[in-house]
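Here is the structure we will look at, set down as structure tokens.
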Amino acid sequence: MNEHVIRPVRAGEWEKVKELRIAALKDPAAAVAFLQTVEHGESQSDEFWQERTSRGAEGRAVRQFVAEAPDGEWNGSVTVLVEEAGTSDIFEGAIERTQGHLVGVFVRAGQRGTGLTEALFDAALEWAWSLDEPALERVRLFVHEDNARAAAFYRRFGFRASGYVVPMPTDPSAKELEYVFERP
């Protein structure tokens, strides 16, 4: 993992959040990894990025974790959304149980296979399990049916396919597969 520090973002770090997200959206796997395009990301205002970063830095609803190298470069990120029972998810489906939802998983190509993704997931799950009132029952994520590399990592980490499938919002002919990690 090369001495990276895994930590939550801080509210004022919006420029780094933006840079890392744009890098993720430019990645060759972005079409099957993210629901946004690079054009969408680049068109967002500074206020958008400031607000997004602030939301991911504090509170219970969202927490973004980053992998910071000793030189200050951010080489990866994952975000946990808290989905409260009785609400709707990003696919407009009903949330039946309070759970976490991992989104925005990205590690720069040169850092893949170094343990950085595992470290980011460890931090995200540790935070998710630390929440109470109500406690999260599980953490889930969705993976595009053609993103075999990501699906293989999720299974190695301990996520399992639930069998729940939704159409990809940007291409309804493609499928997003739900993977879950039950509370230990």
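In the structure tokens, chains take the letters A, B, ... in the order shown, each chain's residues start at 1, and ligands count up from 1 in the order shown.
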
Pull the alpha helix (DSSP H) assignments for stretch 4-175 of chain A out of DSSP run on the backbone, and list those residues as a PyMOL selection string.
chain A and resi 14-26+30-33+38-43+46-57+116-130+148-157

Find the residues near stretch 21-33 of chain A: any atom within 7 Å, counting only C-alpha atoms, skip ones fewer than 5 places away on the same chain, and give them as number ranges by chain.
A: 38, 41-42, 106, 144, 146-147

Have a look at atom CA of A:Ala67 and atom CA of A:Ala11 and let me know their distance in Å, one decimal.
15.9 Å

What lies within 9 Å of A:Val80 using only C-alpha atoms, ignoring chain neighbours under 3 positions off, as a count of residues only?
16

Which distance in Å separates atom CA of A:Val5 and atom CA of A:Ala69, to one decimal?
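Between these atoms lies a distance of 6.5 Å.
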
Could you please write out, as a ChimeraX atom specification, every residue of stretch 24-173 of chain A that DSSP assigns to strand (DSSP E or B)?
/A:62-68,74-83,88,94,99-107,138-144,160-168,171-173

Now that the selection is made, can you save its residues with N, CA and C atoms as a short mmCIF file (atom, residue, chain, number, x, y, z; two decimals), in the first residue's frame?
data_model
loop_
_atom_site.label_atom_id
_atom_site.label_comp_id
_atom_site.auth_asym_id
_atom_site.auth_seq_id
_atom_site.Cartn_x
_atom_site.Cartn_y
_atom_site.Cartn_z
N VAL A 62 -23.43 10.40 4.60
CA VAL A 62 -22.42 10.11 3.58
C VAL A 62 -21.05 10.26 4.20
N ARG A 63 -20.13 9.37 3.81
CA ARG A 63 -18.73 9.54 4.21
C ARG A 63 -17.85 9.09 3.06
N GLN A 64 -16.95 9.95 2.62
CA GLN A 64 -16.01 9.63 1.56
C GLN A 64 -14.64 9.40 2.17
N PHE A 65 -14.01 8.29 1.78
CA PHE A 65 -12.66 7.95 2.23
C PHE A 65 -11.70 8.06 1.07
N VAL A 66 -10.48 8.55 1.35
CA VAL A 66 -9.46 8.69 0.32
C VAL A 66 -8.17 8.02 0.77
N ALA A 67 -7.37 7.69 -0.22
CA ALA A 67 -6.04 7.13 0.02
C ALA A 67 -5.04 8.21 -0.38
N GLU A 68 -4.37 8.77 0.63
CA GLU A 68 -3.44 9.89 0.41
C GLU A 68 -2.01 9.39 0.50
N TRP A 74 -3.79 12.07 -3.98
CA TRP A 74 -4.85 11.11 -3.67
C TRP A 74 -4.87 10.06 -4.76
N ASN A 75 -4.77 8.79 -4.35
CA ASN A 75 -4.69 7.70 -5.31
C ASN A 75 -5.91 6.78 -5.30
N GLY A 76 -6.89 7.08 -4.47
CA GLY A 76 -8.08 6.25 -4.47
C GLY A 76 -9.14 6.82 -3.56
N SER A 77 -10.36 6.31 -3.76
CA SER A 77 -11.48 6.79 -2.98
C SER A 77 -12.61 5.77 -2.99
N VAL A 78 -13.42 5.81 -1.95
CA VAL A 78 -14.69 5.10 -1.89
C VAL A 78 -15.62 5.93 -1.00
N THR A 79 -16.90 5.91 -1.34
CA THR A 79 -17.89 6.67 -0.59
C THR A 79 -18.96 5.73 -0.06
N VAL A 80 -19.37 5.95 1.18
CA VAL A 80 -20.47 5.19 1.78
C VAL A 80 -21.68 6.10 1.87
N LEU A 81 -22.77 5.68 1.24
CA LEU A 81 -24.06 6.36 1.39
C LEU A 81 -24.85 5.55 2.41
N VAL A 82 -25.50 6.21 3.35
CA VAL A 82 -26.37 5.50 4.29
C VAL A 82 -27.79 5.57 3.75
N GLU A 83 -28.37 4.40 3.52
CA GLU A 83 -29.73 4.29 3.02
C GLU A 83 -30.62 3.89 4.19
N SER A 88 -35.93 5.79 -0.64
CA SER A 88 -35.63 5.23 -1.96
C SER A 88 -34.14 5.33 -2.23
N ALA A 94 -37.24 0.87 -3.39
CA ALA A 94 -37.55 1.04 -1.97
C ALA A 94 -36.45 0.42 -1.11
N GLN A 99 -29.07 0.42 5.66
CA GLN A 99 -27.87 -0.21 5.12
C GLN A 99 -26.93 0.84 4.55
N GLY A 100 -25.69 0.41 4.32
CA GLY A 100 -24.73 1.25 3.63
C GLY A 100 -24.70 0.89 2.17
N HIS A 101 -24.29 1.82 1.35
CA HIS A 101 -24.18 1.60 -0.10
C HIS A 101 -22.86 2.21 -0.55
N LEU A 102 -21.92 1.37 -0.99
CA LEU A 102 -20.62 1.86 -1.45
C LEU A 102 -20.75 2.32 -2.90
N VAL A 103 -20.26 3.52 -3.17
CA VAL A 103 -20.28 4.08 -4.52
C VAL A 103 -18.94 4.77 -4.78
N GLY A 104 -18.72 5.10 -6.05
CA GLY A 104 -17.53 5.88 -6.40
C GLY A 104 -16.22 5.18 -6.11
N VAL A 105 -16.19 3.85 -6.20
CA VAL A 105 -14.96 3.10 -5.94
C VAL A 105 -13.97 3.38 -7.06
N PHE A 106 -12.79 3.89 -6.69
CA PHE A 106 -11.76 4.16 -7.69
C PHE A 106 -10.38 4.14 -7.06
N VAL A 107 -9.46 3.48 -7.75
CA VAL A 107 -8.04 3.51 -7.40
C VAL A 107 -7.28 3.73 -8.71
N ARG A 138 -26.35 -4.13 6.79
CA ARG A 138 -25.46 -4.64 5.75
C ARG A 138 -24.93 -3.47 4.94
N VAL A 139 -23.94 -3.75 4.11
CA VAL A 139 -23.42 -2.78 3.15
C VAL A 139 -23.54 -3.44 1.79
N ARG A 140 -23.95 -2.66 0.82
CA ARG A 140 -24.10 -3.21 -0.52
C ARG A 140 -23.41 -2.31 -1.54
N LEU A 141 -23.30 -2.81 -2.73
CA LEU A 141 -22.79 -2.06 -3.86
C LEU A 141 -23.38 -2.68 -5.11
N PHE A 142 -23.29 -1.98 -6.20
CA PHE A 142 -23.73 -2.51 -7.49
C PHE A 142 -22.53 -2.53 -8.42
N VAL A 143 -22.49 -3.56 -9.26
CA VAL A 143 -21.42 -3.68 -10.24
C VAL A 143 -22.05 -4.02 -11.60
N HIS A 144 -21.56 -3.35 -12.62
CA HIS A 144 -22.04 -3.58 -13.99
C HIS A 144 -21.73 -5.02 -14.38
N ARG A 160 -21.05 -10.82 -1.54
CA ARG A 160 -21.65 -11.91 -2.31
C ARG A 160 -22.79 -11.35 -3.16
N ALA A 161 -22.98 -11.96 -4.31
CA ALA A 161 -24.08 -11.54 -5.18
C ALA A 161 -25.39 -11.89 -4.51
N SER A 162 -26.31 -10.94 -4.44
CA SER A 162 -27.60 -11.16 -3.79
C SER A 162 -28.65 -11.73 -4.73
N GLY A 163 -28.42 -11.59 -6.03
CA GLY A 163 -29.42 -11.98 -7.02
C GLY A 163 -30.30 -10.83 -7.46
N TYR A 164 -30.22 -9.69 -6.76
CA TYR A 164 -31.00 -8.51 -7.11
C TYR A 164 -30.30 -7.80 -8.27
N VAL A 165 -31.04 -7.51 -9.32
CA VAL A 165 -30.50 -6.90 -10.53
C VAL A 165 -31.38 -5.70 -10.91
N VAL A 166 -30.73 -4.60 -11.32
CA VAL A 166 -31.45 -3.43 -11.80
C VAL A 166 -30.89 -3.03 -13.16
N PRO A 167 -31.71 -2.41 -14.01
CA PRO A 167 -31.17 -1.90 -15.27
C PRO A 167 -30.27 -0.70 -14.99
N MET A 168 -29.23 -0.58 -15.78
CA MET A 168 -28.33 0.56 -15.64
C MET A 168 -29.06 1.81 -16.13
N ASP A 171 -28.15 3.01 -19.56
CA ASP A 171 -28.33 2.03 -20.64
C ASP A 171 -29.21 0.90 -20.11
N PRO A 172 -30.53 1.04 -20.21
CA PRO A 172 -31.44 0.05 -19.63
C PRO A 172 -31.28 -1.37 -20.16
N SER A 173 -30.55 -1.55 -21.27
CA SER A 173 -30.30 -2.91 -21.75
C SER A 173 -29.18 -3.59 -20.96
#

So which residues touch A:Glu58 within 9 Å, counting only C-alpha atoms, skipping near sequence neighbours fewer than 6 positions away, as number ranges by chain?
A: 8-11

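Across the structure, atom CA of A:Lys175 and atom CA of A:Phe91 are spaced 11.9 Å apart.
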
Just checking: using only C-alpha atoms, which residue out of A:Asn2, A:Trp14, A:Glu92, A:Gly72 ends up closest to A:Ser45?
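Distance minimum relative to A:Ser45 lands on A:Trp14.
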
Restricting the calculation to only C-alpha atoms, which member of A:Thr53, A:Leu35, A:Gly115, A:Asp46 is positioned closest to A:Glu13?
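Checking each of A:Thr53, A:Leu35, A:Gly115, A:Asp46 against A:Glu13, counting only C-alpha atoms, the winner is A:Thr53.
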
Counting only C-alpha atoms, which residue out of A:Glu84, A:Arg7, A:Ser43, A:Ile90 sits closest to A:Ala57?
A:Arg7
